[in-house]
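Pasted below: data33.cif, mmCIF, C-alpha atoms.
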```
data_entry
#
loop_
_atom_site.label_atom_id
_atom_site.label_comp_id
_atom_site.auth_asym_id
_atom_site.auth_seq_id
_atom_site.Cartn_x
_atom_site.Cartn_y
_atom_site.Cartn_z
CA MET U 1022 17.30 -5.15 19.45
CA SER U 1023 17.74 -4.05 23.05
CA GLN U 1024 14.53 -4.51 24.98
CA PRO U 1025 13.21 -2.09 27.56
CA GLU U 1026 12.72 -3.46 31.04
CA THR U 1027 9.52 -5.44 30.90
CA LYS U 1028 6.61 -3.96 32.79
CA ARG U 1029 4.17 -6.72 31.99
CA VAL U 1030 4.38 -10.47 32.12
CA LYS U 1031 3.66 -12.36 28.96
CA THR U 1032 0.81 -14.70 29.78
CA ASP U 1033 0.65 -16.23 26.35
CA THR U 1034 2.66 -19.31 25.51
CA GLY U 1035 1.30 -19.79 22.01
CA PRO U 1036 3.05 -19.55 18.65
CA GLU U 1037 5.29 -16.72 17.47
CA TYR U 1038 3.87 -13.40 16.41
CA GLU U 1039 4.56 -12.04 12.94
CA LEU U 1040 3.69 -8.50 11.93
CA ILE U 1041 3.26 -7.94 8.22
CA TYR U 1042 3.53 -4.31 7.15
CA TRP U 1043 5.08 -2.06 4.55
CA PRO U 1044 8.72 -1.25 5.18
CA MET U 1045 9.99 2.36 5.28
CA ILE U 1046 7.02 3.97 7.07
CA PRO U 1047 5.86 3.52 10.67
CA GLY U 1048 2.20 3.89 9.62
CA ARG U 1049 -0.48 1.77 11.19
CA GLY U 1050 2.02 -1.03 11.80
CA GLU U 1051 3.62 1.07 14.52
CA PHE U 1052 0.58 0.68 16.78
CA VAL U 1053 1.05 -3.08 16.72
CA ARG U 1054 4.80 -2.82 17.31
CA LEU U 1055 4.28 -0.66 20.38
CA LEU U 1056 2.35 -3.43 22.14
CA PHE U 1057 5.12 -5.95 21.56
CA GLU U 1058 7.78 -3.47 22.64
CA GLU U 1059 5.95 -2.48 25.81
CA ALA U 1060 5.32 -6.12 26.71
CA ALA U 1061 8.85 -7.11 25.69
CA VAL U 1062 7.42 -9.98 23.69
CA PRO U 1063 9.42 -11.12 20.65
CA TYR U 1064 7.91 -10.77 17.18
CA THR U 1065 9.05 -10.77 13.61
CA ASP U 1066 8.36 -7.78 11.40
CA THR U 1067 8.47 -7.83 7.61
CA ALA U 1068 9.18 -4.11 7.66
CA LYS U 1069 12.47 -4.72 9.46
CA ALA U 1070 13.73 -7.22 6.91
CA LYS U 1071 17.00 -6.14 5.29
CA ASP U 1072 15.65 -7.01 1.87
CA VAL U 1073 13.03 -4.32 1.33
CA ASP U 1074 11.92 -5.67 -2.04
CA ASN U 1075 11.27 -9.01 -0.44
CA ALA U 1076 9.26 -7.38 2.36
CA VAL U 1077 7.16 -5.51 -0.19
CA SER U 1078 6.60 -8.77 -2.07
CA GLN U 1079 5.39 -10.45 1.08
CA VAL U 1080 2.89 -7.67 1.70
CA MET U 1081 1.69 -7.67 -1.90
CA GLU U 1082 1.29 -11.43 -1.86
CA LEU U 1083 -0.75 -11.25 1.30
CA ALA U 1084 -2.97 -8.52 -0.12
CA SER U 1085 -3.97 -10.73 -3.03
CA SER U 1086 -4.25 -13.92 -1.01
CA THR U 1087 -7.38 -15.89 -1.71
CA ASP U 1088 -7.23 -18.43 1.09
CA ASN U 1089 -7.09 -15.92 3.93
CA PRO U 1090 -8.19 -12.59 2.53
CA VAL U 1091 -7.10 -9.29 3.98
CA PHE U 1092 -8.01 -5.92 2.56
CA ALA U 1093 -4.94 -4.06 3.74
CA VAL U 1094 -1.99 -4.35 6.10
CA PRO U 1095 -1.04 -4.27 8.94
CA ALA U 1096 -1.73 -7.95 9.35
CA LEU U 1097 -0.77 -10.23 12.18
CA ARG U 1098 0.06 -13.89 11.85
CA HIS U 1099 -0.17 -15.91 15.04
CA GLY U 1100 0.01 -19.62 14.35
CA ASP U 1101 -2.94 -20.45 12.13
CA VAL U 1102 -4.57 -17.09 12.76
CA LEU U 1103 -4.15 -14.25 10.28
CA LEU U 1104 -5.81 -10.98 11.22
CA SER U 1105 -6.06 -7.53 9.69
CA GLN U 1106 -7.58 -4.17 10.65
CA THR U 1107 -5.42 -2.26 13.12
CA SER U 1108 -7.93 -1.95 15.96
CA ASN U 1109 -8.83 -5.60 15.55
CA ILE U 1110 -5.22 -6.77 15.77
CA LEU U 1111 -4.69 -4.66 18.88
CA GLN U 1112 -7.88 -5.92 20.51
CA TYR U 1113 -6.83 -9.52 19.89
CA LEU U 1114 -3.24 -9.02 21.07
CA ALA U 1115 -3.63 -6.77 24.09
CA PRO U 1116 -5.03 -9.27 26.63
CA LYS U 1117 -2.43 -11.84 25.51
CA LEU U 1118 0.34 -9.32 26.16
CA GLY U 1119 -0.99 -8.10 29.51
CA LEU U 1120 -2.07 -4.75 28.03
CA ALA U 1121 -5.80 -5.22 28.54
CA PRO U 1122 -7.73 -7.01 31.27
CA SER U 1123 -8.66 -10.61 30.61
CA ASP U 1124 -12.34 -10.26 30.13
CA SER U 1125 -14.98 -12.94 30.35
CA THR U 1126 -17.94 -10.59 29.79
CA GLY U 1127 -16.56 -8.70 26.81
CA VAL U 1128 -17.27 -5.38 28.51
CA ALA U 1129 -13.67 -4.31 29.18
CA SER U 1130 -12.68 -5.41 25.70
CA ALA U 1131 -15.52 -3.38 24.17
CA LYS U 1132 -14.83 -0.31 26.33
CA LEU U 1133 -11.17 -0.27 25.32
CA ASN U 1134 -11.97 -0.99 21.68
CA GLN U 1135 -14.41 1.92 21.62
CA ILE U 1136 -11.72 4.32 22.84
CA VAL U 1137 -9.15 2.97 20.39
CA LEU U 1138 -11.50 3.06 17.41
CA THR U 1139 -12.34 6.67 18.16
CA ILE U 1140 -8.71 7.77 18.56
CA LEU U 1141 -7.80 6.00 15.32
CA ASP U 1142 -10.78 7.57 13.55
CA GLY U 1143 -9.64 11.03 14.50
CA PHE U 1144 -5.89 10.95 14.57
CA VAL U 1145 -5.16 8.32 11.94
CA ASN U 1146 -8.03 8.06 9.46
CA GLU U 1147 -9.24 11.65 9.38
CA LEU U 1148 -5.72 12.99 9.76
CA HIS U 1149 -4.60 10.87 6.81
CA ASP U 1150 -7.53 12.16 4.73
CA THR U 1151 -6.39 15.76 5.16
CA HIS U 1152 -3.67 14.95 2.65
CA HIS U 1153 -5.80 12.67 0.48
CA PRO U 1154 -9.32 14.13 0.50
CA ILE U 1155 -10.09 13.03 -3.05
CA SER U 1156 -8.10 9.85 -3.60
CA ILE U 1157 -5.71 7.82 -1.48
CA ASP U 1158 -4.14 6.49 -4.68
CA GLN U 1159 -3.00 9.95 -5.69
CA THR U 1160 -0.27 11.96 -4.02
CA TYR U 1161 -0.88 14.95 -1.82
CA GLU U 1162 0.58 17.16 -4.56
CA GLU U 1163 -2.20 16.06 -6.92
CA GLN U 1164 -4.94 17.24 -4.54
CA LYS U 1165 -3.42 20.23 -2.81
CA PRO U 1166 -6.34 22.70 -3.09
CA GLU U 1167 -8.77 20.18 -1.61
CA ALA U 1168 -6.21 19.12 0.98
CA LEU U 1169 -5.87 22.68 2.19
CA LYS U 1170 -9.63 22.95 2.71
CA ARG U 1171 -9.87 19.60 4.40
CA ALA U 1172 -6.86 20.27 6.64
CA THR U 1173 -8.30 23.59 7.74
CA TYR U 1174 -11.57 21.96 8.64
CA PHE U 1175 -9.78 19.13 10.44
CA LYS U 1176 -7.65 21.52 12.47
CA ASP U 1177 -10.48 23.87 13.37
CA ALA U 1178 -13.39 21.50 13.92
CA ARG U 1179 -12.23 17.92 14.28
CA VAL U 1180 -9.06 18.08 16.38
CA PRO U 1181 -10.79 19.98 19.21
CA LYS U 1182 -13.71 17.54 19.11
CA TYR U 1183 -11.47 14.50 19.32
CA LEU U 1184 -9.19 16.02 21.97
CA SER U 1185 -12.24 16.89 24.02
CA TYR U 1186 -13.41 13.30 23.75
CA VAL U 1187 -10.04 11.98 24.95
CA GLN U 1188 -10.07 14.40 27.88
CA ARG U 1189 -13.62 13.36 28.79
CA VAL U 1190 -12.56 9.70 28.77
CA ILE U 1191 -9.69 10.39 31.18
CA ASP U 1192 -11.86 12.61 33.39
CA ALA U 1193 -14.55 9.92 33.54
CA ASN U 1194 -12.09 7.21 34.58
CA PRO U 1195 -12.39 6.92 38.37
CA ASP U 1196 -8.98 5.22 38.52
CA ALA U 1197 -7.10 7.92 36.61
CA THR U 1198 -5.03 10.41 38.58
CA GLU U 1199 -3.14 13.53 37.62
CA GLU U 1200 0.10 11.56 37.71
CA GLU U 1201 -1.36 8.53 35.98
CA PRO U 1202 -4.05 9.72 33.57
CA TRP U 1203 -4.92 6.31 32.11
CA LEU U 1204 -7.74 6.06 29.62
CA TYR U 1205 -9.16 2.91 31.18
CA GLY U 1206 -8.73 1.42 34.63
CA GLY U 1207 -5.84 1.96 37.02
CA SER U 1208 -2.89 0.95 34.87
CA LEU U 1209 -1.46 1.20 31.39
CA THR U 1210 -3.50 -0.43 28.63
CA TYR U 1211 -3.00 -0.59 24.89
CA ALA U 1212 -5.36 2.39 24.53
CA ASP U 1213 -2.74 4.53 26.26
CA LEU U 1214 -0.11 3.26 23.81
CA VAL U 1215 -2.35 4.21 20.89
CA LEU U 1216 -2.80 7.70 22.33
CA PHE U 1217 0.95 7.95 22.98
CA GLN U 1218 1.69 7.10 19.35
CA VAL U 1219 -0.78 9.57 17.82
CA ARG U 1220 0.50 12.27 20.17
CA THR U 1221 4.07 11.55 19.13
CA LYS U 1222 3.15 11.48 15.47
CA THR U 1223 0.96 14.56 15.41
CA SER U 1224 2.89 16.66 17.93
CA ILE U 1225 -0.19 17.32 20.00
CA PRO U 1226 1.08 19.25 23.02
CA PRO U 1227 1.06 17.28 26.29
CA MET Q 191 -44.13 -4.15 15.82
CA SER Q 192 -44.73 -7.53 14.20
CA GLN Q 193 -41.74 -9.79 14.57
CA PRO Q 194 -40.47 -12.15 11.90
CA GLU Q 195 -40.31 -15.82 12.84
CA THR Q 196 -37.27 -16.14 15.04
CA LYS Q 197 -34.37 -18.05 13.54
CA ARG Q 198 -32.11 -17.77 16.54
CA VAL Q 199 -32.64 -18.37 20.19
CA LYS Q 200 -31.84 -15.56 22.57
CA THR Q 201 -29.20 -16.91 24.91
CA ASP Q 202 -28.88 -13.76 26.90
CA THR Q 203 -31.05 -13.19 29.94
CA GLY Q 204 -29.50 -9.92 30.98
CA PRO Q 205 -30.98 -6.43 31.10
CA GLU Q 206 -32.92 -4.72 28.33
CA TYR Q 207 -31.20 -3.34 25.27
CA GLU Q 208 -31.55 0.33 24.37
CA LEU Q 209 -30.37 1.74 21.07
CA ILE Q 210 -29.64 5.45 21.06
CA TYR Q 211 -29.58 7.02 17.61
CA TRP Q 212 -30.79 9.99 15.63
CA PRO Q 213 -34.39 9.76 14.52
CA MET Q 214 -35.37 10.25 10.85
CA ILE Q 215 -32.43 8.46 9.20
CA PRO Q 216 -31.54 4.75 9.23
CA GLY Q 217 -27.80 5.55 9.22
CA ARG Q 218 -25.40 3.51 11.28
CA GLY Q 219 -28.13 2.73 13.81
CA GLU Q 220 -29.74 0.43 11.27
CA PHE Q 221 -26.89 -2.09 11.54
CA VAL Q 222 -27.63 -2.48 15.23
CA ARG Q 223 -31.38 -2.75 14.64
CA LEU Q 224 -30.92 -5.55 12.11
CA LEU Q 225 -29.31 -7.78 14.74
CA PHE Q 226 -32.22 -7.33 17.13
CA GLU Q 227 -34.75 -7.87 14.36
CA GLU Q 228 -33.06 -11.03 13.06
CA ALA Q 229 -32.77 -12.45 16.58
CA ALA Q 230 -36.29 -11.28 17.46
CA VAL Q 231 -34.94 -9.79 20.66
CA PRO Q 232 -36.82 -6.80 22.08
CA TYR Q 233 -35.07 -3.44 22.30
CA THR Q 234 -35.97 0.17 22.72
CA ASP Q 235 -34.91 2.71 20.12
CA THR Q 236 -34.79 6.45 20.69
CA ALA Q 237 -35.22 6.94 16.96
CA LYS Q 238 -38.65 5.34 17.12
CA ALA Q 239 -39.92 7.64 19.85
CA LYS Q 240 -43.00 9.61 18.81
CA ASP Q 241 -41.51 12.78 20.21
CA VAL Q 242 -38.67 13.48 17.79
CA ASP Q 243 -37.44 16.54 19.67
CA ASN Q 244 -37.15 14.45 22.79
CA ALA Q 245 -35.22 11.77 20.91
CA VAL Q 246 -32.83 14.39 19.57
CA SER Q 247 -32.40 15.77 23.08
CA GLN Q 248 -31.51 12.33 24.38
CA VAL Q 249 -28.86 11.90 21.71
CA MET Q 250 -27.43 15.37 22.29
CA GLU Q 251 -27.31 14.80 26.04
CA LEU Q 252 -25.46 11.53 25.55
CA ALA Q 253 -22.95 13.15 23.19
CA SER Q 254 -21.94 15.66 25.85
CA SER Q 255 -22.04 13.21 28.75
CA THR Q 256 -19.00 13.42 30.98
CA ASP Q 257 -19.51 10.31 33.09
CA ASN Q 258 -19.68 7.85 30.22
CA PRO Q 259 -18.22 9.60 27.19
CA VAL Q 260 -19.16 8.69 23.65
CA PHE Q 261 -17.90 10.46 20.56
CA ALA Q 262 -20.91 9.77 18.36
CA VAL Q 263 -24.02 7.63 18.14
CA PRO Q 264 -25.14 4.89 17.62
CA ALA Q 265 -24.75 3.96 21.26
CA LEU Q 266 -26.06 0.92 23.04
CA ARG Q 267 -27.14 0.83 26.63
CA HIS Q 268 -27.26 -2.60 28.22
CA GLY Q 269 -27.69 -2.40 31.97
CA ASP Q 270 -24.66 -0.54 33.29
CA VAL Q 271 -22.83 -0.84 29.99
CA LEU Q 272 -22.87 2.02 27.50
CA LEU Q 273 -21.03 1.40 24.25
CA SER Q 274 -20.42 3.34 21.05
CA GLN Q 275 -18.73 2.73 17.70
CA THR Q 276 -20.90 0.70 15.33
CA SER Q 277 -18.56 -2.26 14.80
CA ASN Q 278 -17.91 -2.41 18.52
CA ILE Q 279 -21.61 -2.50 19.41
CA LEU Q 280 -22.18 -5.26 16.87
CA GLN Q 281 -19.21 -7.29 18.09
CA TYR Q 282 -20.48 -7.06 21.67
CA LEU Q 283 -24.08 -7.90 20.77
CA ALA Q 284 -23.74 -10.63 18.16
CA PRO Q 285 -22.71 -13.57 20.37
CA LYS Q 286 -25.40 -12.60 22.90
CA LEU Q 287 -28.01 -12.70 20.13
CA GLY Q 288 -26.82 -15.94 18.55
CA LEU Q 289 -25.40 -14.12 15.53
CA ALA Q 290 -21.75 -14.98 16.15
CA PRO Q 291 -20.13 -18.03 17.68
CA SER Q 292 -19.44 -17.94 21.39
CA ASP Q 293 -15.73 -17.68 21.35
CA SER Q 294 -13.32 -18.45 24.15
CA THR Q 295 -10.16 -17.83 22.10
CA GLY Q 296 -11.19 -14.52 20.55
CA VAL Q 297 -10.35 -15.82 17.08
CA ALA Q 298 -13.88 -16.06 15.69
CA SER Q 299 -14.72 -12.70 17.19
CA ALA Q 300 -11.65 -11.13 15.58
CA LYS Q 301 -12.25 -12.79 12.22
CA LEU Q 302 -15.82 -11.52 12.08
CA ASN Q 303 -14.83 -8.09 13.34
CA GLN Q 304 -12.19 -7.82 10.62
CA ILE Q 305 -14.76 -8.51 7.92
CA VAL Q 306 -17.27 -6.07 9.41
CA LEU Q 307 -14.72 -3.28 9.90
CA THR Q 308 -13.67 -3.61 6.27
CA ILE Q 309 -17.22 -3.60 4.90
CA LEU Q 310 -18.05 -0.56 7.04
CA ASP Q 311 -14.85 1.19 5.92
CA GLY Q 312 -15.80 0.79 2.29
CA PHE Q 313 -19.53 0.99 2.12
CA VAL Q 314 -20.30 3.29 5.03
CA ASN Q 315 -17.30 5.49 5.82
CA GLU Q 316 -15.82 5.96 2.35
CA LEU Q 317 -19.25 6.02 0.76
CA HIS Q 318 -20.32 8.74 3.17
CA ASP Q 319 -17.19 10.74 2.39
CA THR Q 320 -18.07 10.88 -1.30
CA HIS Q 321 -20.69 13.46 -0.33
CA HIS Q 322 -18.58 15.15 2.35
CA PRO Q 323 -14.98 15.06 1.13
CA ILE Q 324 -14.06 18.37 2.76
CA SER Q 325 -16.25 18.63 5.84
CA ILE Q 326 -18.91 16.45 7.39
CA ASP Q 327 -20.36 19.54 9.05
CA GLN Q 328 -21.17 21.09 5.69
CA THR Q 329 -23.83 19.92 3.30
CA TYR Q 330 -23.15 18.10 0.08
CA GLU Q 331 -24.26 21.21 -1.79
CA GLU Q 332 -21.43 23.19 -0.21
CA GLN Q 333 -18.78 20.80 -1.52
CA LYS Q 334 -20.18 19.59 -4.83
CA PRO Q 335 -17.08 19.97 -7.04
CA GLU Q 336 -14.95 18.00 -4.60
CA ALA Q 337 -17.74 15.48 -4.06
CA LEU Q 338 -17.90 14.78 -7.78
CA LYS Q 339 -14.17 14.03 -7.87
CA ARG Q 340 -14.28 11.88 -4.78
CA ALA Q 341 -17.38 9.98 -5.94
CA THR Q 342 -15.76 9.23 -9.30
CA TYR Q 343 -12.68 7.88 -7.59
CA PHE Q 344 -14.80 5.86 -5.16
CA LYS Q 345 -16.88 4.34 -7.93
CA ASP Q 346 -13.95 3.54 -10.21
CA ALA Q 347 -11.26 2.47 -7.75
CA ARG Q 348 -12.69 1.72 -4.33
CA VAL Q 349 -15.96 -0.10 -4.98
CA PRO Q 350 -14.30 -2.78 -7.14
CA LYS Q 351 -11.57 -3.22 -4.53
CA TYR Q 352 -14.04 -3.66 -1.69
CA LEU Q 353 -16.36 -5.91 -3.70
CA SER Q 354 -13.40 -8.06 -4.66
CA TYR Q 355 -12.49 -8.35 -0.99
CA VAL Q 356 -16.01 -9.45 -0.07
CA GLN Q 357 -15.98 -12.04 -2.85
CA ARG Q 358 -12.60 -13.35 -1.72
CA VAL Q 359 -13.93 -13.72 1.82
CA ILE Q 360 -16.88 -15.79 0.64
CA ASP Q 361 -14.71 -17.86 -1.73
CA ALA Q 362 -12.24 -18.57 1.08
CA ASN Q 363 -14.95 -19.76 3.47
CA PRO Q 364 -14.94 -23.56 3.25
CA ASP Q 365 -18.46 -23.68 4.68
CA ALA Q 366 -20.01 -21.29 2.15
CA THR Q 367 -22.01 -22.74 -0.71
CA GLU Q 368 -23.59 -21.24 -3.80
CA GLU Q 369 -26.98 -21.34 -2.07
CA GLU Q 370 -25.63 -20.15 1.26
CA PRO Q 371 -22.72 -17.82 0.58
CA TRP Q 372 -22.01 -16.89 4.21
CA LEU Q 373 -19.05 -14.69 4.98
CA TYR Q 374 -17.96 -16.76 7.99
CA GLY Q 375 -18.76 -20.34 8.96
CA GLY Q 376 -21.74 -22.38 7.91
CA SER Q 377 -24.60 -20.17 9.00
CA LEU Q 378 -25.78 -16.60 9.14
CA THR Q 379 -23.68 -14.24 11.26
CA TYR Q 380 -23.95 -10.55 11.90
CA ALA Q 381 -21.35 -9.95 9.17
CA ASP Q 382 -23.92 -11.18 6.64
CA LEU Q 383 -26.47 -8.73 8.06
CA VAL Q 384 -23.97 -5.89 7.67
CA LEU Q 385 -23.37 -6.87 4.06
CA PHE Q 386 -27.11 -7.20 3.49
CA GLN Q 387 -27.66 -3.69 4.77
CA VAL Q 388 -24.96 -2.03 2.69
CA ARG Q 389 -26.20 -3.89 -0.37
CA THR Q 390 -29.73 -2.71 0.26
CA LYS Q 391 -28.58 0.83 0.88
CA THR Q 392 -26.18 1.15 -2.02
CA SER Q 393 -28.09 -0.93 -4.57
CA ILE Q 394 -25.11 -3.13 -5.30
CA PRO Q 395 -26.45 -5.76 -7.71
CA PRO Q 396 -26.77 -9.26 -6.21
#
```

Go through the file and emit its structure as structure tokens.
Amino acid sequence: MSQPETKRVKTDTGPEYELIYWPMIPGRGEFVRLLFEEAAVPYTDTAKAKDVDNAVSQVMELASSTDNPVFAVPALRHGDVLLSQTSNILQYLAPKLGLAPSDSTGVASAKLNQIVLTILDGFVNELHDTHHPISIDQTYEEQKPEALKRATYFKDARVPKYLSYVQRVIDANPDATEEEPWLYGGSLTYADLVLFQVRTKTSIPP
Amino acid sequence: MSQPETKRVKTDTGPEYELIYWPMIPGRGEFVRLLFEEAAVPYTDTAKAKDVDNAVSQVMELASSTDNPVFAVPALRHGDVLLSQTSNILQYLAPKLGLAPSDSTGVASAKLNQIVLTILDGFVNELHDTHHPISIDQTYEEQKPEALKRATYFKDARVPKYLSYVQRVIDANPDATEEEPWLYGGSLTYADLVLFQVRTKTSIPP
């Protein structure tokens, strides 16, 4: 794959990174990919395997693993470490990839994590539920009447509330400018990549 | 308030802790309280204020704050730091209160956070949605038919899946014993307190 010009320097010299996620959909795995792509750090990705059946098998196997349990993918393998939960993977990765400050007090890490959790709540979890308000194991077509109600509520009440939060975060950042409206501090962090991805995915106007 | 015998030593000598949460309901604020209570570390709690209207005002004011935006309570004030998102508050607090290992690599922090995020997903977020499948701004009574469907699905499909995950986590912990089935490592962590609270709240049998 051709890599974009690197904007950050990889500070981590540890083992390889391996993203484990369903093939065929960008989904929550895409948030993890964006960090690697921005940092121009190599990683393997089950979803990009040519053998889709094999990729699915790997994910299924992981999901039933007893020695290192995960509830759902995406998961990240990094040497002996296996992690799940999207926000958690991002929080672990970002400082290693130069996309969050190194942070001895935990404050920057928590501030960024708070922003990311909230964006994911609104524009991933709640957005997803608009199509699956009754059951995530059933298709949208099987819950259309409820989905219409939930989607209407989401559009009218939740989207404005979440967008207002995001705007307040940018406005409250003393280091954000009109040209560089970062969510945290004076340069790009992984929170900005998360916002970029949900904006791309949901077609929120700029 | 009478304090239980302290089991942990407070290692933090920083500023006072202030929990900001709605009065009248335990809700997500209770997870934060449990850490302070277990560690026997003093904290203030808007929800315990005698003047309920004043407590509500404080929460409302925080929710519309522009200089330090939060999307929803619980929030934690600790000196200059204001944090929201339940899992994020707990992750920040736990090592300071002796309820998570101090962690230079971020691995223990991420492992615990992964467990806590998953338990909260299942037994707080999805459980809550059983009563508000269409809109969290409307009462349960306004969405009873949908709530019945969602609750049935939750009970039949989601609870077993989440309980199985929790059991797998305990089984995979080499330091857990039958007498001391900790979720992580060989002693109580804040993840165990989170599980304790959802078990208490949801009456999951021991």

Box along x, y and z, 8 Å on every side, all listed atoms of range 207-222 of chain Q inside: centre and edge lengths in Å to one decimal, as JSON.
```
{"center_x": -30.4, "center_y": 3.5, "center_z": 17.2, "size_x": 26.0, "size_y": 29.6, "size_z": 32.1}
```

Next on the checklist: List the spatial neighbours of Leu317 in chain Q as a list of chain:residue names - criterion: any atom at most 12 Å away, all atoms listed in the file, same-chain residues fewer than 4 positions off excluded.
Outcome noted: Q:Ile309, Q:Leu310, Q:Asp311, Q:Gly312, Q:Phe313, Q:His321, Q:His322, Q:Pro323, Q:Ala337, Q:Arg340, Q:Ala341, Q:Thr342, Q:Tyr343, Q:Phe344, Q:Lys345, Q:Arg348, Q:Val349, Q:Tyr352, Q:Val388, Q:Lys391, Q:Thr392

Checklist entry - Residues picked by the PyMOL selection byres ((chain Q and resi 271) around 10) here, as a VMD selection string? => result (chain U and resid 1128 to 1129 1131 to 1132) or (chain Q and resid 205 207 258 266 to 270 272 to 273)

Checklist entry - Of the candidates U:Asn1134, U:Ser1123, U:Ser1208, U:Gln1079, which one gets nearest to Leu1111 in chain U if we count all atoms listed in the file? => result U:Asn1134

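The space between CA of Ile305 in chain Q and CA of Thr379 in chain Q spans 11.1 Å.
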
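Remark: for chain Q, the closest of the candidate residues U:Ser1078, U:Ser1156, U:Asn1146, U:Thr1065 is U:Ser1156 (distances computed over only C-alpha atoms).
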
Checklist entry - Selected by the PyMOL selection byres ((chain Q) within 6 of (chain U)) in the shown coordinates: which residues, as a ChimeraX atom specification? => result /Q:256-257,259,275,304,323-324,340,358-359,362

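You will find CA of Glu220 in chain Q at 28.4 Å from CA of Pro1181 in chain U.
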
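Note that the spacing between CA of Met1081 in chain U and CA of Val1062 in chain U amounts to 26.3 Å.
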
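Each of U:Glu1147, U:Asp1066, U:Glu1082, U:Asp1074 was compared to Tyr1042 in chain U using all atoms listed in the file, and U:Asp1066 turns out to be the nearest.
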
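Using only C-alpha atoms, the nearest neighbour of Val1073 in chain U within the list U:Val1094, U:Val1215, U:Ile1046, U:Ala1121 is U:Ile1046.
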
Next on the checklist: Please enumerate the residues selected by the PyMOL selection byres ((chain U and resi 1045) around 9) when evaluated against the supplied file, formatted as a ChimeraX atom specification.
Outcome noted: /U:1043-1044,1046-1047,1068-1069,1073

Rebuild range 1090-1094 of chain U so that it carries all heavy atoms, then output the result as a PDB file, in the coordinates of the input.
```pdb
ATOM      1  N   PRO U1090      -8.192 -13.940   3.109  1.00  0.00           N
ATOM      2  CA  PRO U1090      -8.190 -12.590   2.530  1.00  0.00           C
ATOM      3  C   PRO U1090      -8.020 -11.484   3.560  1.00  0.00           C
ATOM      4  O   PRO U1090      -8.631 -11.506   4.630  1.00  0.00           O
ATOM      5  CB  PRO U1090      -9.580 -12.484   1.889  1.00  0.00           C
ATOM      6  CG  PRO U1090     -10.135 -13.865   1.852  1.00  0.00           C
ATOM      7  CD  PRO U1090      -9.482 -14.607   2.969  1.00  0.00           C
ATOM      8  N   VAL U1091      -7.175 -10.540   3.227  1.00  0.00           N
ATOM      9  CA  VAL U1091      -7.100  -9.290   3.980  1.00  0.00           C
ATOM     10  C   VAL U1091      -7.289  -8.159   2.978  1.00  0.00           C
ATOM     11  O   VAL U1091      -6.960  -8.297   1.812  1.00  0.00           O
ATOM     12  CB  VAL U1091      -5.761  -9.117   4.722  1.00  0.00           C
ATOM     13  CG1 VAL U1091      -5.479 -10.289   5.646  1.00  0.00           C
ATOM     14  CG2 VAL U1091      -4.617  -8.923   3.759  1.00  0.00           C
ATOM     15  N   PHE U1092      -7.815  -7.063   3.451  1.00  0.00           N
ATOM     16  CA  PHE U1092      -8.010  -5.920   2.560  1.00  0.00           C
ATOM     17  C   PHE U1092      -6.762  -5.057   2.519  1.00  0.00           C
ATOM     18  O   PHE U1092      -6.402  -4.517   1.478  1.00  0.00           O
ATOM     19  CB  PHE U1092      -9.198  -5.081   3.047  1.00  0.00           C
ATOM     20  CG  PHE U1092      -9.562  -3.963   2.109  1.00  0.00           C
ATOM     21  CD1 PHE U1092     -10.327  -4.210   0.984  1.00  0.00           C
ATOM     22  CD2 PHE U1092      -9.120  -2.668   2.343  1.00  0.00           C
ATOM     23  CE1 PHE U1092     -10.653  -3.191   0.102  1.00  0.00           C
ATOM     24  CE2 PHE U1092      -9.441  -1.638   1.475  1.00  0.00           C
ATOM     25  CZ  PHE U1092     -10.212  -1.899   0.347  1.00  0.00           C
ATOM     26  N   ALA U1093      -6.119  -4.913   3.656  1.00  0.00           N
ATOM     27  CA  ALA U1093      -4.940  -4.060   3.740  1.00  0.00           C
ATOM     28  C   ALA U1093      -4.119  -4.460   4.953  1.00  0.00           C
ATOM     29  O   ALA U1093      -4.636  -5.056   5.894  1.00  0.00           O
ATOM     30  CB  ALA U1093      -5.339  -2.590   3.837  1.00  0.00           C
ATOM     31  N   VAL U1094      -2.834  -4.147   4.924  1.00  0.00           N
ATOM     32  CA  VAL U1094      -1.990  -4.350   6.100  1.00  0.00           C
ATOM     33  C   VAL U1094      -2.097  -3.103   6.982  1.00  0.00           C
ATOM     34  O   VAL U1094      -2.501  -2.048   6.501  1.00  0.00           O
ATOM     35  CB  VAL U1094      -0.520  -4.612   5.674  1.00  0.00           C
ATOM     36  CG1 VAL U1094      -0.411  -5.957   4.993  1.00  0.00           C
ATOM     37  CG2 VAL U1094       0.039  -3.507   4.807  1.00  0.00           C
TER      38      VAL U1094
END
```
